[in-house]
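Student: Structure file query36.cif (mmCIF, C-alpha atoms and all ligand atoms) is given on the next line.
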data_coords
loop_
_atom_site.label_atom_id
_atom_site.label_comp_id
_atom_site.auth_asym_id
_atom_site.auth_seq_id
_atom_site.Cartn_x
_atom_site.Cartn_y
_atom_site.Cartn_z
CA MET A 114 25.33 4.57 -6.71
CA LEU A 115 28.81 3.06 -6.78
CA ILE A 116 31.96 5.17 -6.37
CA ASN A 117 35.26 3.61 -7.44
CA LEU A 118 38.60 4.76 -6.01
CA LYS A 119 41.99 5.04 -7.72
CA PRO A 120 44.64 2.75 -6.20
CA THR A 121 46.51 5.90 -5.13
CA ALA A 122 43.49 7.50 -3.43
CA ASP A 123 43.61 8.78 0.12
CA THR A 124 40.54 6.78 1.19
CA ASN A 125 39.93 8.62 4.46
CA SER A 126 40.13 12.03 2.87
CA VAL A 127 37.71 11.07 0.01
CA LYS A 128 35.34 9.47 2.52
CA GLN A 129 35.40 12.59 4.68
CA THR A 130 34.54 14.80 1.70
CA LEU A 131 31.71 12.51 0.58
CA THR A 132 30.30 12.26 4.10
CA GLY A 133 30.41 16.05 4.22
CA PHE A 134 28.19 16.11 1.08
CA GLY A 135 25.59 14.12 3.06
CA LEU A 136 26.38 10.69 1.62
CA TRP A 137 26.13 7.52 3.74
CA LEU A 138 28.71 5.04 2.57
CA GLU A 139 29.57 1.37 2.77
CA THR A 140 33.25 0.81 2.01
CA LEU A 141 34.16 -1.93 -0.50
CA LEU A 142 37.40 -3.81 0.29
CA ASP A 143 39.59 -6.11 -1.83
CA GLN A 144 41.03 -9.44 -0.60
CA ASP A 145 43.92 -7.59 1.09
CA GLY A 146 41.58 -5.27 2.96
CA ALA A 147 42.34 -2.20 0.82
CA ALA A 148 39.41 0.12 0.00
CA THR A 149 38.37 -0.03 -3.68
CA GLY A 150 35.25 2.11 -3.52
CA PHE A 151 31.97 2.93 -1.81
CA ILE A 152 28.33 1.96 -2.15
CA VAL A 153 26.15 5.02 -1.54
CA LYS A 154 23.12 4.22 0.64
CA GLY A 155 19.67 5.12 -0.65
CA TYR A 156 18.92 7.49 2.24
CA SER A 157 21.85 9.80 1.37
CA THR A 158 21.41 13.42 0.27
CA PRO A 159 21.20 13.60 -3.55
CA VAL A 160 24.52 14.89 -4.97
CA ASP A 161 25.47 15.57 -8.62
CA PRO A 162 27.57 12.55 -9.76
CA GLN A 163 29.82 14.94 -11.75
CA LYS A 164 30.81 16.67 -8.53
CA ILE A 165 31.81 13.30 -7.04
CA ALA A 166 33.63 12.17 -10.20
CA SER A 167 35.80 15.31 -10.16
CA LEU A 168 37.20 14.58 -6.66
CA ASP A 169 40.86 13.64 -6.28
CA GLY A 170 41.15 9.88 -5.84
CA VAL A 171 37.81 8.99 -7.49
CA SER A 172 38.13 6.92 -10.67
CA GLY A 173 34.46 6.59 -11.57
CA VAL A 174 30.85 6.99 -10.47
CA PHE A 175 28.21 4.48 -11.58
CA LYS A 176 24.48 4.48 -11.19
CA THR A 177 23.55 0.98 -10.02
CA GLU A 178 20.61 -0.60 -11.83
CA SER A 179 17.39 -0.58 -9.84
CA SER A 180 15.50 -3.88 -9.76
CA HIS A 181 12.20 -1.98 -9.94
CA PRO A 182 12.66 0.74 -12.57
CA LYS A 183 8.96 1.01 -13.41
CA VAL A 184 8.08 1.63 -9.76
CA ASP A 185 10.90 4.19 -9.54
CA ALA A 186 9.44 6.01 -12.54
CA ARG A 187 6.20 6.51 -10.54
CA CYS A 188 7.87 8.02 -7.48
CA HIS A 189 6.45 11.43 -6.49
CA GLN A 190 3.48 11.08 -8.86
CA VAL A 191 -0.05 11.62 -7.60
CA ILE A 192 -2.48 8.81 -8.35
CA ASP A 193 -5.30 10.49 -10.15
CA LEU A 194 -8.63 8.74 -10.74
CA GLY A 195 -10.48 11.75 -12.10
CA GLU A 196 -12.09 13.61 -9.22
CA LEU A 197 -10.34 11.30 -6.75
CA GLN A 198 -6.65 11.98 -6.15
CA PHE A 199 -4.51 10.30 -3.53
CA ARG A 200 -2.40 12.95 -1.78
CA THR A 201 -0.69 13.21 1.59
CA THR A 202 -2.28 16.63 2.13
CA THR A 203 -5.89 15.36 2.16
CA PRO A 204 -6.30 11.82 3.50
CA THR A 205 -8.65 9.54 1.59
CA LEU A 206 -11.06 7.44 3.61
CA ILE A 207 -11.84 4.02 2.18
CA ALA A 208 -14.46 2.16 4.19
CA GLY A 209 -16.92 -0.69 3.96
CA PRO A 210 -17.64 -4.17 5.23
CA CYS A 211 -15.15 -7.00 5.32
CA SER A 212 -17.49 -9.02 3.11
CA VAL A 213 -20.50 -7.72 1.23
CA ASP A 214 -23.29 -9.62 2.97
CA SER A 215 -26.53 -8.28 1.44
CA GLU A 216 -27.77 -5.63 -0.98
CA GLU A 217 -29.62 -3.73 1.79
CA ARG A 218 -26.59 -3.64 4.05
CA ILE A 219 -24.12 -2.48 1.42
CA GLU A 220 -26.58 0.27 0.47
CA SER A 221 -26.82 1.41 4.10
CA ILE A 222 -23.03 1.24 4.54
CA ALA A 223 -22.37 3.16 1.31
CA SER A 224 -24.67 5.91 2.48
CA GLN A 225 -22.82 6.16 5.82
CA VAL A 226 -19.40 6.10 4.16
CA ALA A 227 -20.39 8.95 1.84
CA GLN A 228 -21.84 10.96 4.74
CA ALA A 229 -18.63 10.47 6.71
CA GLY A 230 -16.63 11.99 3.84
CA GLY A 231 -15.37 8.66 2.52
CA LYS A 232 -14.46 8.50 -1.16
CA VAL A 233 -14.12 4.77 -1.78
CA LEU A 234 -16.35 1.86 -0.76
CA ARG A 235 -14.50 -1.34 0.14
CA GLY A 236 -16.04 -4.79 0.44
CA GLY A 237 -15.19 -8.37 -0.36
CA ALA A 238 -17.13 -10.42 -2.89
CA TYR A 239 -14.39 -13.06 -3.08
CA LYS A 240 -12.95 -13.61 0.40
CA PRO A 241 -9.66 -15.31 1.24
CA ARG A 242 -10.38 -17.35 4.38
CA THR A 243 -7.94 -19.38 6.44
CA SER A 244 -10.48 -22.17 6.81
CA PRO A 245 -12.13 -23.74 3.75
CA TYR A 246 -15.33 -24.04 5.84
CA SER A 247 -15.68 -20.26 6.48
CA PHE A 248 -17.96 -17.98 4.47
CA ALA A 249 -16.02 -17.03 1.32
CA GLY A 250 -18.15 -14.24 -0.17
CA PHE A 251 -21.17 -14.02 -2.47
CA GLY A 252 -19.11 -13.53 -5.65
CA LYS A 253 -20.57 -11.75 -8.68
CA PRO A 254 -23.96 -10.77 -7.12
CA ALA A 255 -22.03 -9.00 -4.33
CA LEU A 256 -20.07 -7.04 -6.96
CA GLN A 257 -23.34 -5.90 -8.53
CA TRP A 258 -24.85 -4.85 -5.16
CA MET A 259 -21.70 -2.95 -4.39
CA ARG A 260 -21.52 -1.20 -7.77
CA ARG A 261 -25.13 -0.03 -7.51
CA ALA A 262 -24.68 1.23 -3.94
CA ALA A 263 -21.43 3.02 -4.75
CA ASP A 264 -22.93 4.71 -7.82
CA ARG A 265 -25.96 5.90 -5.84
CA HIS A 266 -23.66 7.61 -3.35
CA GLY A 267 -20.93 8.90 -5.65
CA LEU A 268 -18.28 6.52 -4.32
CA ARG A 269 -15.51 4.57 -6.02
CA ILE A 270 -15.07 0.86 -5.31
CA VAL A 271 -12.15 -1.27 -4.23
CA THR A 272 -12.61 -5.04 -4.06
CA GLU A 273 -10.34 -8.04 -3.99
CA VAL A 274 -9.69 -10.50 -6.77
CA MET A 275 -8.30 -13.85 -5.69
CA SER A 276 -8.23 -15.86 -8.87
CA GLU A 277 -6.90 -15.25 -12.37
CA HIS A 278 -10.26 -16.52 -13.66
CA ASP A 279 -12.14 -13.64 -12.01
CA VAL A 280 -9.83 -10.78 -13.01
CA ASN A 281 -11.89 -9.58 -15.95
CA THR A 282 -15.20 -9.77 -14.06
CA VAL A 283 -13.79 -7.88 -11.08
CA ALA A 284 -11.91 -5.34 -13.19
CA ASP A 285 -15.11 -4.53 -15.14
CA MET A 286 -17.09 -3.88 -11.96
CA THR A 287 -14.58 -1.99 -9.84
CA ASP A 288 -12.48 1.18 -9.91
CA ILE A 289 -9.56 -0.21 -7.92
CA VAL A 290 -8.61 -3.88 -7.96
CA GLN A 291 -7.32 -5.21 -4.66
CA VAL A 292 -4.61 -7.86 -4.50
CA GLY A 293 -4.79 -9.31 -0.99
CA SER A 294 -1.91 -9.96 1.37
CA ARG A 295 -2.03 -13.71 0.77
CA ASN A 296 -1.60 -13.15 -2.97
CA MET A 297 1.09 -10.46 -2.95
CA GLN A 298 3.55 -12.90 -4.49
CA ASN A 299 1.10 -14.80 -6.69
CA PHE A 300 2.99 -13.75 -9.79
CA ALA A 301 0.56 -15.24 -12.30
CA LEU A 302 -2.28 -13.28 -10.66
CA LEU A 303 -0.18 -10.09 -10.54
CA ARG A 304 0.50 -10.34 -14.27
CA GLN A 305 -3.18 -10.92 -15.06
CA VAL A 306 -4.28 -8.03 -12.82
CA GLY A 307 -1.66 -5.77 -14.43
CA GLU A 308 -3.05 -6.61 -17.87
CA ALA A 309 -6.44 -5.24 -16.79
CA ARG A 310 -4.74 -1.79 -16.80
CA LYS A 311 -6.51 -0.55 -13.68
CA CYS A 312 -5.45 1.14 -10.47
CA VAL A 313 -4.40 -1.66 -8.07
CA LEU A 314 -4.40 -1.68 -4.27
CA LEU A 315 -1.50 -3.99 -3.47
CA LYS A 316 -1.61 -5.31 0.07
CA ARG A 317 1.67 -6.18 1.70
CA GLY A 318 2.10 -9.89 2.46
CA ARG A 319 2.16 -10.73 6.16
CA SER A 320 5.80 -11.79 5.97
CA ALA A 321 6.91 -9.75 2.98
CA THR A 322 9.89 -7.41 3.07
CA VAL A 323 9.55 -3.92 1.63
CA SER A 324 11.76 -4.96 -1.26
CA GLU A 325 9.48 -7.94 -2.08
CA TRP A 326 6.51 -5.58 -1.92
CA LEU A 327 8.18 -3.20 -4.38
CA MET A 328 8.96 -6.12 -6.70
CA ALA A 329 5.30 -7.21 -6.62
CA ALA A 330 4.38 -3.68 -7.73
CA GLU A 331 7.01 -3.94 -10.47
CA TYR A 332 5.18 -7.05 -11.76
CA LEU A 333 1.96 -5.04 -11.92
CA TYR A 334 3.54 -2.12 -13.76
CA ALA A 335 5.52 -4.45 -16.05
CA SER A 336 2.27 -6.05 -17.20
CA GLY A 337 0.39 -2.79 -17.72
CA ALA A 338 -1.21 -1.62 -14.45
CA ASP A 339 -2.33 1.99 -14.58
CA SER A 340 -1.20 2.77 -11.04
CA VAL A 341 -0.44 1.04 -7.75
CA LEU A 342 -1.48 2.01 -4.24
CA PHE A 343 0.58 0.21 -1.60
CA CYS A 344 -1.47 -1.00 1.37
CA GLU A 345 0.19 -1.72 4.71
CA ARG A 346 -2.11 -4.04 6.67
CA GLY A 347 0.20 -5.30 9.39
CA ILE A 348 2.89 -7.94 9.31
CA ARG A 349 3.24 -11.10 11.40
CA GLY A 350 4.43 -10.11 14.87
CA PHE A 351 5.13 -12.15 17.99
CA ASP A 352 2.51 -10.57 20.22
CA GLY A 353 -1.10 -11.68 19.94
CA GLU A 354 -2.53 -8.54 21.60
CA THR A 355 -3.13 -7.14 18.13
CA ARG A 356 -3.95 -9.30 15.10
CA ASN A 357 -0.86 -8.13 13.20
CA LEU A 358 1.96 -5.66 13.75
CA ILE A 359 1.39 -2.36 11.94
CA ASP A 360 4.67 -1.33 10.29
CA LEU A 361 4.60 2.46 10.25
CA GLY A 362 8.34 2.51 9.54
CA ALA A 363 7.58 0.96 6.15
CA VAL A 364 4.81 3.52 5.59
CA ALA A 365 7.21 6.41 6.28
CA LEU A 366 9.88 4.78 4.11
CA LEU A 367 7.60 4.33 1.10
CA SER A 368 6.03 7.73 1.48
CA HIS A 369 8.98 9.93 2.41
CA HIS A 370 11.94 8.12 0.89
CA TYR A 371 10.39 6.66 -2.27
CA GLY A 372 7.52 9.13 -2.72
CA LEU A 373 5.05 6.27 -3.26
CA PRO A 374 1.37 6.34 -2.22
CA VAL A 375 0.55 4.20 0.80
CA ILE A 376 -2.83 3.38 2.29
CA VAL A 377 -2.93 1.87 5.77
CA ASP A 378 -5.51 -0.73 6.75
CA PRO A 379 -5.61 -0.51 10.55
CA SER A 380 -8.58 -2.92 10.71
CA HIS A 381 -6.60 -5.99 9.64
CA ALA A 382 -3.51 -4.69 11.44
CA ALA A 383 -5.19 -4.28 14.84
CA GLY A 384 -8.03 -6.80 14.57
CA ARG A 385 -9.97 -4.74 17.14
CA ARG A 386 -12.12 -1.69 16.62
CA ASP A 387 -10.96 0.31 19.66
CA LEU A 388 -7.54 0.94 18.08
CA ILE A 389 -8.69 2.06 14.64
CA VAL A 390 -8.93 5.82 15.34
CA PRO A 391 -5.49 6.22 16.97
CA LEU A 392 -3.80 3.94 14.42
CA SER A 393 -5.40 5.85 11.55
CA LYS A 394 -4.09 9.15 12.89
CA ALA A 395 -0.62 7.64 13.35
CA SER A 396 -0.72 6.30 9.78
CA ILE A 397 -1.50 9.69 8.28
CA ALA A 398 1.21 11.28 10.43
CA ALA A 399 3.66 8.68 9.07
CA GLY A 400 2.87 9.70 5.48
CA ALA A 401 -0.07 7.54 4.37
CA VAL A 402 -2.34 9.09 1.72
CA GLY A 403 -5.35 7.39 3.27
CA VAL A 404 -6.77 4.67 5.45
CA MET A 405 -8.97 1.71 4.65
CA VAL A 406 -11.25 0.55 7.45
CA GLU A 407 -13.97 -2.02 7.94
CA VAL A 408 -17.41 -0.84 9.03
CA HIS A 409 -20.69 -2.66 9.64
CA PRO A 410 -24.15 -1.66 10.95
CA ALA A 411 -24.27 -4.64 13.32
CA PRO A 412 -20.70 -5.94 13.74
CA SER A 413 -21.76 -8.91 15.86
CA THR A 414 -23.75 -10.27 12.90
CA ALA A 415 -21.08 -9.61 10.23
CA LEU A 416 -20.23 -12.71 8.20
CA SER A 417 -16.49 -12.05 8.66
CA ASP A 418 -14.20 -9.89 10.83
CA GLY A 419 -16.95 -8.52 13.12
CA PRO A 420 -14.58 -7.72 16.04
CA GLN A 421 -12.63 -5.19 13.99
CA ALA A 422 -15.61 -3.53 12.26
CA LEU A 423 -16.41 0.05 13.23
CA SER A 424 -19.97 1.03 14.06
CA TYR A 425 -21.44 3.98 12.12
CA GLU A 426 -20.85 6.16 15.16
CA THR A 427 -17.12 5.32 15.31
CA LEU A 428 -16.83 5.82 11.57
CA ARG A 429 -18.02 9.39 12.10
CA GLN A 430 -15.51 9.83 14.94
CA LEU A 431 -12.75 8.58 12.65
CA SER A 432 -13.80 10.99 9.95
CA LYS A 433 -13.77 13.89 12.44
CA SER A 434 -10.35 12.94 13.73
CA LEU A 435 -9.01 12.95 10.15
CA GLU A 436 -10.72 16.32 9.60
CA LEU A 437 -12.68 15.08 6.59
CA GLU A 438 -15.61 16.98 5.19
CA CYS A 439 -18.74 15.19 6.39
CA ILE A 440 -22.29 15.55 5.12
CA GLN A 441 -24.40 16.30 8.20
C1 LIG B 501 -9.44 -7.59 3.08
O1 LIG B 501 -9.03 -6.41 2.97
O2 LIG B 501 -10.61 -7.91 2.91
C2 LIG B 501 -8.47 -8.66 3.43
C3 LIG B 501 -8.80 -9.93 3.37
O3 LIG B 501 -7.29 -8.19 3.81
P1 LIG B 501 -5.85 -8.88 3.88
O4 LIG B 501 -5.51 -9.40 2.52
O5 LIG B 501 -4.98 -7.74 4.30
O6 LIG B 501 -5.92 -9.96 4.92
MN MN B 502 -11.63 -8.38 6.78
#
Will you turn the file into structure tokens for me?
Ligand code: PEP
Ligand code: MN
Tutor:
Amino acid sequence: MLINLKPTADTNSVKQTLTGFGLWLETLLDQDGAATGFIVKGYSTPVDPQKIASLDGVSGVFKTESSHPKVDARCHQVIDLGELQFRTTTPTLIAGPCSVDSEERIESIASQVAQAGGKVLRGGAYKPRTSPYSFAGFGKPALQWMRRAADRHGLRIVTEVMSEHDVNTVADMTDIVQVGSRNMQNFALLRQVGEARKCVLLKRGRSATVSEWLMAAEYLYASGADSVLFCERGIRGFDGETRNLIDLGAVALLSHHYGLPVIVDPSHAAGRRDLIVPLSKASIAAGAVGVMVEVHPAPSTALSDGPQALSYETLRQLSKSLELECIQ
């Protein structure tokens, strides 16, 4: 919001009144250093603009245009996929392997995820890998294995799409389409994914600001996405002790200030399984509606990201610590 002052205004007195209303202000000055108005910061207490406009010394109050109106329109709405709703009151557990490596294994993992109270099965069929020589996923067959396993255990699926060419195939097979961190600003892909009109899990780019993340979601909504779940998966830090730096400030900001649904992926944030339980609890405390974790029956043989995969035993511990309803 922008508040303009009359040339005759007593700037200090108007500022004092506005600050008293709970507004945080940035003063706008002309070339001679005289105050011409105020920009109201987004974290201010909401105040009726009429009340501000009627103050002595105020010449006008203007709502500044948001650069992401379609995202704003979704603030404080619950993402509802039928019997699965993403709410801060009941955390949603999303779990599965980094990459889907065989039909038997995804079946076993799906069964464990369901028993642990998980609602969504994750798993990569198309894997973004830093090296072109690393295993890059089994593609369409992996999607089919995953779909069958998820259906047998009453789970939803989230899986990543990397290429515009695969959007329709992936969208047909999955409940939630994942856009990975490396593709957060692949605008052509975002448009194509939006056109599939699905729920999208939008991972934050490793070096993306919150505002760039919101704009990526705006692309999805502008092209027709049904709903967007924001996924914080750690940003590039300077300390190699953890794989990435988990930004819980951004989680709290999106959840509490914007009222947007955030999932935290502590697996890619930490890169090590021993930190997944505490980071998951911290994420929920910060306002996340759920966590997405990697799990594998034999992490040392996983085709990707073994060091951060939870064993079945730790998956159950995680579920207990989030107070989920488990099937014994
Ligand atoms: C993943 O979730 O499988 C993945 C590759 O994550 P990210 O895009 O966060 O690296
Ligand atoms: Mn992974």
Student: Env of Val233 of chain A: 7 Å cut, atoms = all atoms listed in the file, seq-sep filter 5 positions within chain, self excluded. Answer as a tab-separated table (two decimals) with C-alpha atoms, in the coordinates of the input.
Tutor:
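What ended up in around-v3.tsv:
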chain	number	residue	atom	x	y	z
A	206	LEU	CA	-11.06	7.44	3.61
A	207	ILE	CA	-11.84	4.02	2.18
A	208	ALA	CA	-14.46	2.16	4.19
A	268	LEU	CA	-18.28	6.52	-4.32
A	269	ARG	CA	-15.51	4.57	-6.02
A	270	ILE	CA	-15.07	0.86	-5.31
A	271	VAL	CA	-12.15	-1.27	-4.23
Student: When you draw a straight line from atom CA of Val306 of chain A to atom CA of Leu358 of chain A, how long is it in Å?
Tutor: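 Going from atom CA of Val306 of chain A over to atom CA of Leu358 of chain A covers 27.4 Å.
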Student: Please return as a list in words the residues found within 7 Å of ligand LIG 501 (chain B), counting all atoms listed in the file.
Tutor: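 Listing the residues within 7 Å of ligand LIG 501 (chain B) gives Cys211, Ser212, Gly236, Gly237, Lys240, Pro241, Glu273, Gly293, Ser294, Arg295, Lys316, Arg346 and His381 of chain A.
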Student: Go through A:Asp378, A:Glu331, A:Glu216, A:Asp418 one by one, measure the shortest atom-to-atom distance of each to ligand MN 502 (chain B) using all atoms listed in the file, and give the residue with the smallest value.
Tutor: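 With all atoms listed in the file as the atom set, the closest residue is A:Asp418.
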Student: Pick from A:Ala401, A:Leu141, A:Ala147, A:Ala330: nearest to Pro374 of chain A, with all atoms listed in the file counted?
Tutor: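 Among the listed residues, A:Ala401 lies closest to Pro374 of chain A.
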Student: Would you kindly return, as a ChimeraX atom specification, each protein, DNA or RNA residue with an atom no farther than 8 Å from any atom of Leu314 of chain A, considering all atoms listed in the file and excluding same-chain residues fewer than 3 positions away?
Tutor: /A:271,289-292,341-344
Student: Using all atoms listed in the file, determine which residues lie at most 9 Å from Glu438 of chain A, disregarding the query and same-chain residues fewer than 5 positions distant; provide the list as a PyMOL selection string.
Tutor: chain A and resi 228-231+432-433
Student: At a cut-off of 12 Å and counting all atoms listed in the file, what residues surround ligand MN 502 (chain B)? Please answer as number ranges by chain.
Tutor: A: 208-213, 235-243, 248-250, 272-273, 293-294, 346, 356, 378-386, 405-409, 412, 415-423
Student: Could you pull the residues within 10 Å of segment 165-167 of chain A, counting all atoms listed in the file, minus those fewer than 4 positions along the same chain, as a compact mmCIF listing (two decimals) with C-alpha atoms, keeping the file's coordinate frame?
Tutor:
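The resulting file, result_31.txt, is reproduced below:
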# COMPACT_ATOMS: atom_id res chain seq x y z
CA ILE A 116 31.96 5.17 -6.37
CA ASN A 117 35.26 3.61 -7.44
CA LEU A 118 38.60 4.76 -6.01
CA VAL A 127 37.71 11.07 0.01
CA THR A 130 34.54 14.80 1.70
CA LEU A 131 31.71 12.51 0.58
CA PHE A 134 28.19 16.11 1.08
CA VAL A 160 24.52 14.89 -4.97
CA ASP A 161 25.47 15.57 -8.62
CA VAL A 171 37.81 8.99 -7.49
CA SER A 172 38.13 6.92 -10.67
CA GLY A 173 34.46 6.59 -11.57
CA VAL A 174 30.85 6.99 -10.47
CA PHE A 175 28.21 4.48 -11.58
Student: Which neighbours of Leu303 of chain A fall inside 8 Å, counting only C-alpha atoms, when residues of the same chain fewer than 4 positions from it are skipped, and could you give them as a PyMOL selection string?
Tutor: chain A and resi 292+297-299+307+329+332-333
Student: Could you write out that same residue set with C-alpha atoms as a PDB file, in the frame of the given file?
Tutor:
ATOM      1  CA  VAL A 292      -4.610  -7.860  -4.500  1.00  0.00           C
ATOM      2  CA  MET A 297       1.090 -10.460  -2.950  1.00  0.00           C
ATOM      3  CA  GLN A 298       3.550 -12.900  -4.490  1.00  0.00           C
ATOM      4  CA  ASN A 299       1.100 -14.800  -6.690  1.00  0.00           C
ATOM      5  CA  GLY A 307      -1.660  -5.770 -14.430  1.00  0.00           C
ATOM      6  CA  ALA A 329       5.300  -7.210  -6.620  1.00  0.00           C
ATOM      7  CA  TYR A 332       5.180  -7.050 -11.760  1.00  0.00           C
ATOM      8  CA  LEU A 333       1.960  -5.040 -11.920  1.00  0.00           C
TER       9      LEU A 333
END
Student: Take segment 424-438 of chain A, bring it up to N, CA and C atoms, and give me the output as a PDB file, in the coordinates of the input.
Tutor:
ATOM      1  N   SER A 424     -18.543   0.707  14.156  1.00  0.00           N
ATOM      2  CA  SER A 424     -19.970   1.030  14.060  1.00  0.00           C
ATOM      3  C   SER A 424     -20.061   2.325  13.244  1.00  0.00           C
ATOM      4  N   TYR A 425     -21.283   2.722  12.865  1.00  0.00           N
ATOM      5  CA  TYR A 425     -21.440   3.980  12.120  1.00  0.00           C
ATOM      6  C   TYR A 425     -20.963   5.164  12.961  1.00  0.00           C
ATOM      7  N   GLU A 426     -21.237   5.082  14.268  1.00  0.00           N
ATOM      8  CA  GLU A 426     -20.850   6.160  15.160  1.00  0.00           C
ATOM      9  C   GLU A 426     -19.323   6.338  15.182  1.00  0.00           C
ATOM     10  N   THR A 427     -18.597   5.198  15.283  1.00  0.00           N
ATOM     11  CA  THR A 427     -17.120   5.320  15.310  1.00  0.00           C
ATOM     12  C   THR A 427     -16.569   5.713  13.949  1.00  0.00           C
ATOM     13  N   LEU A 428     -17.268   5.370  12.891  1.00  0.00           N
ATOM     14  CA  LEU A 428     -16.830   5.820  11.570  1.00  0.00           C
ATOM     15  C   LEU A 428     -16.857   7.342  11.513  1.00  0.00           C
ATOM     16  N   ARG A 429     -17.925   7.922  12.088  1.00  0.00           N
ATOM     17  CA  ARG A 429     -18.020   9.390  12.100  1.00  0.00           C
ATOM     18  C   ARG A 429     -16.901   9.993  12.962  1.00  0.00           C
ATOM     19  N   GLN A 430     -16.605   9.331  14.087  1.00  0.00           N
ATOM     20  CA  GLN A 430     -15.510   9.830  14.940  1.00  0.00           C
ATOM     21  C   GLN A 430     -14.184   9.796  14.182  1.00  0.00           C
ATOM     22  N   LEU A 431     -13.989   8.714  13.426  1.00  0.00           N
ATOM     23  CA  LEU A 431     -12.750   8.580  12.650  1.00  0.00           C
ATOM     24  C   LEU A 431     -12.661   9.724  11.641  1.00  0.00           C
ATOM     25  N   SER A 432     -13.770   9.958  10.961  1.00  0.00           N
ATOM     26  CA  SER A 432     -13.800  10.990   9.950  1.00  0.00           C
ATOM     27  C   SER A 432     -13.474  12.360  10.566  1.00  0.00           C
ATOM     28  N   LYS A 433     -14.045  12.618  11.750  1.00  0.00           N
ATOM     29  CA  LYS A 433     -13.770  13.890  12.440  1.00  0.00           C
ATOM     30  C   LYS A 433     -12.296  13.980  12.785  1.00  0.00           C
ATOM     31  N   SER A 434     -11.745  12.881  13.298  1.00  0.00           N
ATOM     32  CA  SER A 434     -10.350  12.940  13.730  1.00  0.00           C
ATOM     33  C   SER A 434      -9.404  13.100  12.542  1.00  0.00           C
ATOM     34  N   LEU A 435      -9.853  12.736  11.341  1.00  0.00           N
ATOM     35  CA  LEU A 435      -9.010  12.950  10.150  1.00  0.00           C
ATOM     36  C   LEU A 435      -9.348  14.275   9.470  1.00  0.00           C
ATOM     37  N   GLU A 436     -10.284  15.007  10.095  1.00  0.00           N
ATOM     38  CA  GLU A 436     -10.720  16.320   9.600  1.00  0.00           C
ATOM     39  C   GLU A 436     -11.251  16.242   8.173  1.00  0.00           C
ATOM     40  N   LEU A 437     -12.081  15.210   7.901  1.00  0.00           N
ATOM     41  CA  LEU A 437     -12.680  15.080   6.590  1.00  0.00           C
ATOM     42  C   LEU A 437     -13.955  15.903   6.537  1.00  0.00           C
ATOM     43  N   GLU A 438     -14.361  16.234   5.335  1.00  0.00           N
ATOM     44  CA  GLU A 438     -15.610  16.980   5.190  1.00  0.00           C
ATOM     45  C   GLU A 438     -16.779  16.010   5.226  1.00  0.00           C
TER      46      GLU A 438
END
